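Only one structure is covered here, and it is reproduced in the block below.
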Amino acid sequence: MRVVGLMSGTSYDAIDAAAADLSLDGDTLVLTPLGMISTAYDDDLRADLAAALPPAGADLAAVCRLDTRIGQAFAAAAVRADEELCGGRADLVASHGQTVFHWAEDGRVHGTLQIGEAAWIAEATGRPVVSGFRTRDVAAGGQGAPLVSIVDVMWLRGRPGVPVALNLGGIGNVTVVPGGAEGTAGEPLAFDTGPANALIDAAVRALAGRDASGEAYTMDAGGALAARGAVHPPLLRRLLDDPYYALPAPKTTGKELFHLPYLRSALGSCAPLPAEDVVATLTRLTARTVADAIRPFGATEVIASGGGTRNPVLMDWLREELGAAGDESAAGGCVVRSSDELGLPAGAKEAYAFAVLGWLTAHGLPGTVPSCTGARHASVLGSITPGGPGLRLPRSPETATAAAPVRLTVGGGPGTGCHDRAH
């Protein structure tokens, strides 16, 4: 089955569309990457979305307009992915949508909202669309995140030691697979570590001004600002005191907490700082909180993905915090590597993960690991929007009756290629 996975994360800068050919081989799901395209939100849509997100308020008219416009943008991305990556032969589209609010209070998630109406995608592509993945897990008492944990568990199962999958998007999240070797004990665990790029990006946009060419900074490309700055210990201590970091897993957070007013409040306790020092301090905050979250599990291998992997300062500081390195000969027993080394491009891993989640839903199979999300039970995720006349889900006889796969392997293919990557 050829599935297009659509994803826009908490940085809301672009829609990633990854296509995969997925097939079942015994108890193993084989993912053959077909490639990825990325399409930036246009400036007006991005500005309107940013203006509506917490802590700002948004009326229902604004939500309706954004739901429609984002749905249309996702539809255009899906059409491109079908044509350019699948030769017009995609069977299914799996759309995460755009998270605009994650209602988390007192360690529980009470609701979650992703917008980008799937009907626009189904109408434009003629393909069935799976969407609304998170809500069912929340209804079952789970955090609704990180949903990629089931893919991480299948992917890392059987690796030696204690492998950890790390995603560095706007928010950082990890999946820990203790006792990766066969026959060893331990339930997998997943949770959000806190901000990855969210506060760094907020600081850059608010404080860094314009680069030498006159363009406004939107991100710390290549970690250049952090490299020029110095970590400010009092600000770092203030940020590390946030109660979120002490909460037990599973737990989840988002830009509902870690946003620009949150940062401005922390900065109010300090004398004015250069933008480079603020960015350096926030980069160290991400490295420290991710390492603090991983360290108790005795990780032997950290496999990183997401936009943060393109920031060499962040990655170097993460290795420093973990006492790790980037090669097999590293002392201390912990290696930090990119997911590219295991066949899933770091910039497209989450989009591929939602393609897998869509495949599971289309086959009536659960898409969660209860120990990772905290749910009472595993659930089949999402809602299905028919693509053409009637609902025709592509199920072959052998997969329709098969048990859920327990492993995922990545096959050959042009998965490391990207087209029009926008950042």
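Identifiers for the structure tokens are assigned positionally: chains receive A, B, ... in sequence, residues are indexed from 1 per chain, and ligands are indexed from 1 in the order shown.
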
(message) as JSON, numbers by chain, please: the residues near range 36-39 of chain A (cut-off 12 Å, only C-alpha atoms, same-chain neighbours under 2 positions excluded).
(response) {"A": [3, 4, 5, 6, 7, 8, 12, 13, 14, 15, 16, 17, 18, 19, 20, 33, 34, 41, 42, 43, 73, 74, 75, 76, 77, 78, 79, 80, 81, 82, 83, 84, 85, 86, 344, 345, 346, 347, 348, 349, 350, 351, 352, 355, 413, 414, 415, 416, 417, 418, 419, 420, 421, 422, 423]}

(message) According to DSSP computed on the backbone, where in range 298-416 of chain A is there helix (DSSP H, G or I)? Give the residues as JSON, numbers by chain.
(response) {"A": [307, 308, 309, 310, 312, 313, 314, 315, 316, 317, 318, 319, 320, 321, 322, 339, 340, 341, 342, 349, 350, 351, 352, 353, 354, 355, 356, 357, 358, 359, 360, 361, 362, 370, 371, 372, 373, 397, 398, 399, 400]}

(message) Need to verify the contact set: Ala50 in chain A, 10 Å, only C-alpha atoms, exclusion of same-chain residues closer than 4 positions in sequence. Can you return it as a PyMOL selection string?
(response) chain A and resi 11-12+44-46+54+56+100

With N, CA and C atoms kept, could you save the residues just selected as a PDB file, in the first residue's frame?
ATOM      1  N   SER A  11       6.366  23.939  15.064  1.00  0.00           N
ATOM      2  CA  SER A  11       7.026  25.125  14.514  1.00  0.00           C
ATOM      3  C   SER A  11       6.178  25.793  13.439  1.00  0.00           C
ATOM      4  N   TYR A  12       5.143  25.093  12.962  1.00  0.00           N
ATOM      5  CA  TYR A  12       4.198  25.545  11.929  1.00  0.00           C
ATOM      6  C   TYR A  12       4.849  26.392  10.844  1.00  0.00           C
ATOM      7  N   ASP A  44       1.014  34.941   4.731  1.00  0.00           N
ATOM      8  CA  ASP A  44      -0.232  35.405   5.337  1.00  0.00           C
ATOM      9  C   ASP A  44      -0.860  34.323   6.219  1.00  0.00           C
ATOM     10  N   LEU A  45      -0.857  33.089   5.733  1.00  0.00           N
ATOM     11  CA  LEU A  45      -1.441  31.997   6.511  1.00  0.00           C
ATOM     12  C   LEU A  45      -0.631  31.759   7.780  1.00  0.00           C
ATOM     13  N   ARG A  46       0.661  31.794   7.643  1.00  0.00           N
ATOM     14  CA  ARG A  46       1.500  31.571   8.819  1.00  0.00           C
ATOM     15  C   ARG A  46       1.291  32.677   9.847  1.00  0.00           C
ATOM     16  N   PRO A  54      -2.280  30.150  21.235  1.00  0.00           N
ATOM     17  CA  PRO A  54      -2.074  30.593  22.612  1.00  0.00           C
ATOM     18  C   PRO A  54      -0.680  31.217  22.763  1.00  0.00           C
ATOM     19  N   ALA A  56      -2.536  33.993  22.622  1.00  0.00           N
ATOM     20  CA  ALA A  56      -3.507  34.871  21.994  1.00  0.00           C
ATOM     21  C   ALA A  56      -4.885  34.211  22.000  1.00  0.00           C
ATOM     22  N   VAL A 100      -3.412  23.125  17.214  1.00  0.00           N
ATOM     23  CA  VAL A 100      -3.584  24.508  17.656  1.00  0.00           C
ATOM     24  C   VAL A 100      -3.827  24.613  19.154  1.00  0.00           C
TER      25      VAL A 100
END

(request) Mind giving me the straight-line distance from CA of Leu360 in chain A to CA of Val380 in chain A in Å, one decimal? (result)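 These atoms are spaced 7.7 Å apart.
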
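Residues with any atom within 9 Å of Leu357 in chain A, counting only C-alpha atoms and excluding same-chain neighbours fewer than 6 positions away, are A:Gly5, A:Ala94, A:Val130, A:Phe133, A:Leu147, A:Val148, A:Ile150, A:Val151, A:Pro366, A:Gly367, A:Thr368, A:Leu381.
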
(request) Write out as an MDAnalysis selection string which residues come within 10 Å of Gly144 in chain A when counting only C-alpha atoms, dropping same-chain ones fewer than 2 positions away. (result) chainID A and resid 102 109:112 133:142 146:147 251:252 368 372:375

How would the residues just chosen look if you wrote them out with C-alpha atoms as a compact mmCIF listing (two decimals), in the first residue's frame?
# COMPACT_ATOMS: atom_id res chain seq x y z
CA HIS A 102 -3.50 20.66 23.59
CA VAL A 109 -4.85 15.79 28.87
CA HIS A 110 -8.54 16.68 28.65
CA GLY A 111 -8.73 17.43 24.93
CA THR A 112 -6.73 18.23 21.85
CA PHE A 133 -5.35 10.71 15.20
CA ARG A 134 -4.87 12.09 18.70
CA THR A 135 -8.41 12.39 20.05
CA ARG A 136 -9.18 8.69 20.48
CA ASP A 137 -6.13 8.16 22.68
CA VAL A 138 -7.15 11.15 24.82
CA ALA A 139 -10.67 9.72 25.13
CA ALA A 140 -9.08 6.48 26.37
CA GLY A 141 -7.29 8.39 29.13
CA GLY A 142 -4.03 8.91 27.26
CA PRO A 146 3.82 11.32 21.38
CA LEU A 147 1.87 9.22 18.87
CA LYS A 251 3.43 13.66 30.08
CA THR A 252 2.94 16.08 27.23
CA THR A 368 -0.91 3.31 20.32
CA CYS A 372 3.77 5.28 26.14
CA THR A 373 0.66 7.49 26.11
CA GLY A 374 -0.81 6.49 29.48
CA ALA A 375 -4.09 5.30 27.95

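The shell of residues at most 7 Å from range 221-237 of chain A, with only C-alpha atoms counted and near chain neighbours (fewer than 4 positions) removed, consists of Asp241, Cys270, Glu276, Asp277, Val279, Ala280, Thr281, Thr283, Leu285, Arg310, Asn311, Pro312 and Val313 of chain A.
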
(request) Write out as a PyMOL selection string each polymer residue whose atoms come within 6 Å of Leu168 in chain A, counting only C-alpha atoms; drop sequence neighbours fewer than 3 positions from it. (result) chain A and resi 172+196+306+308
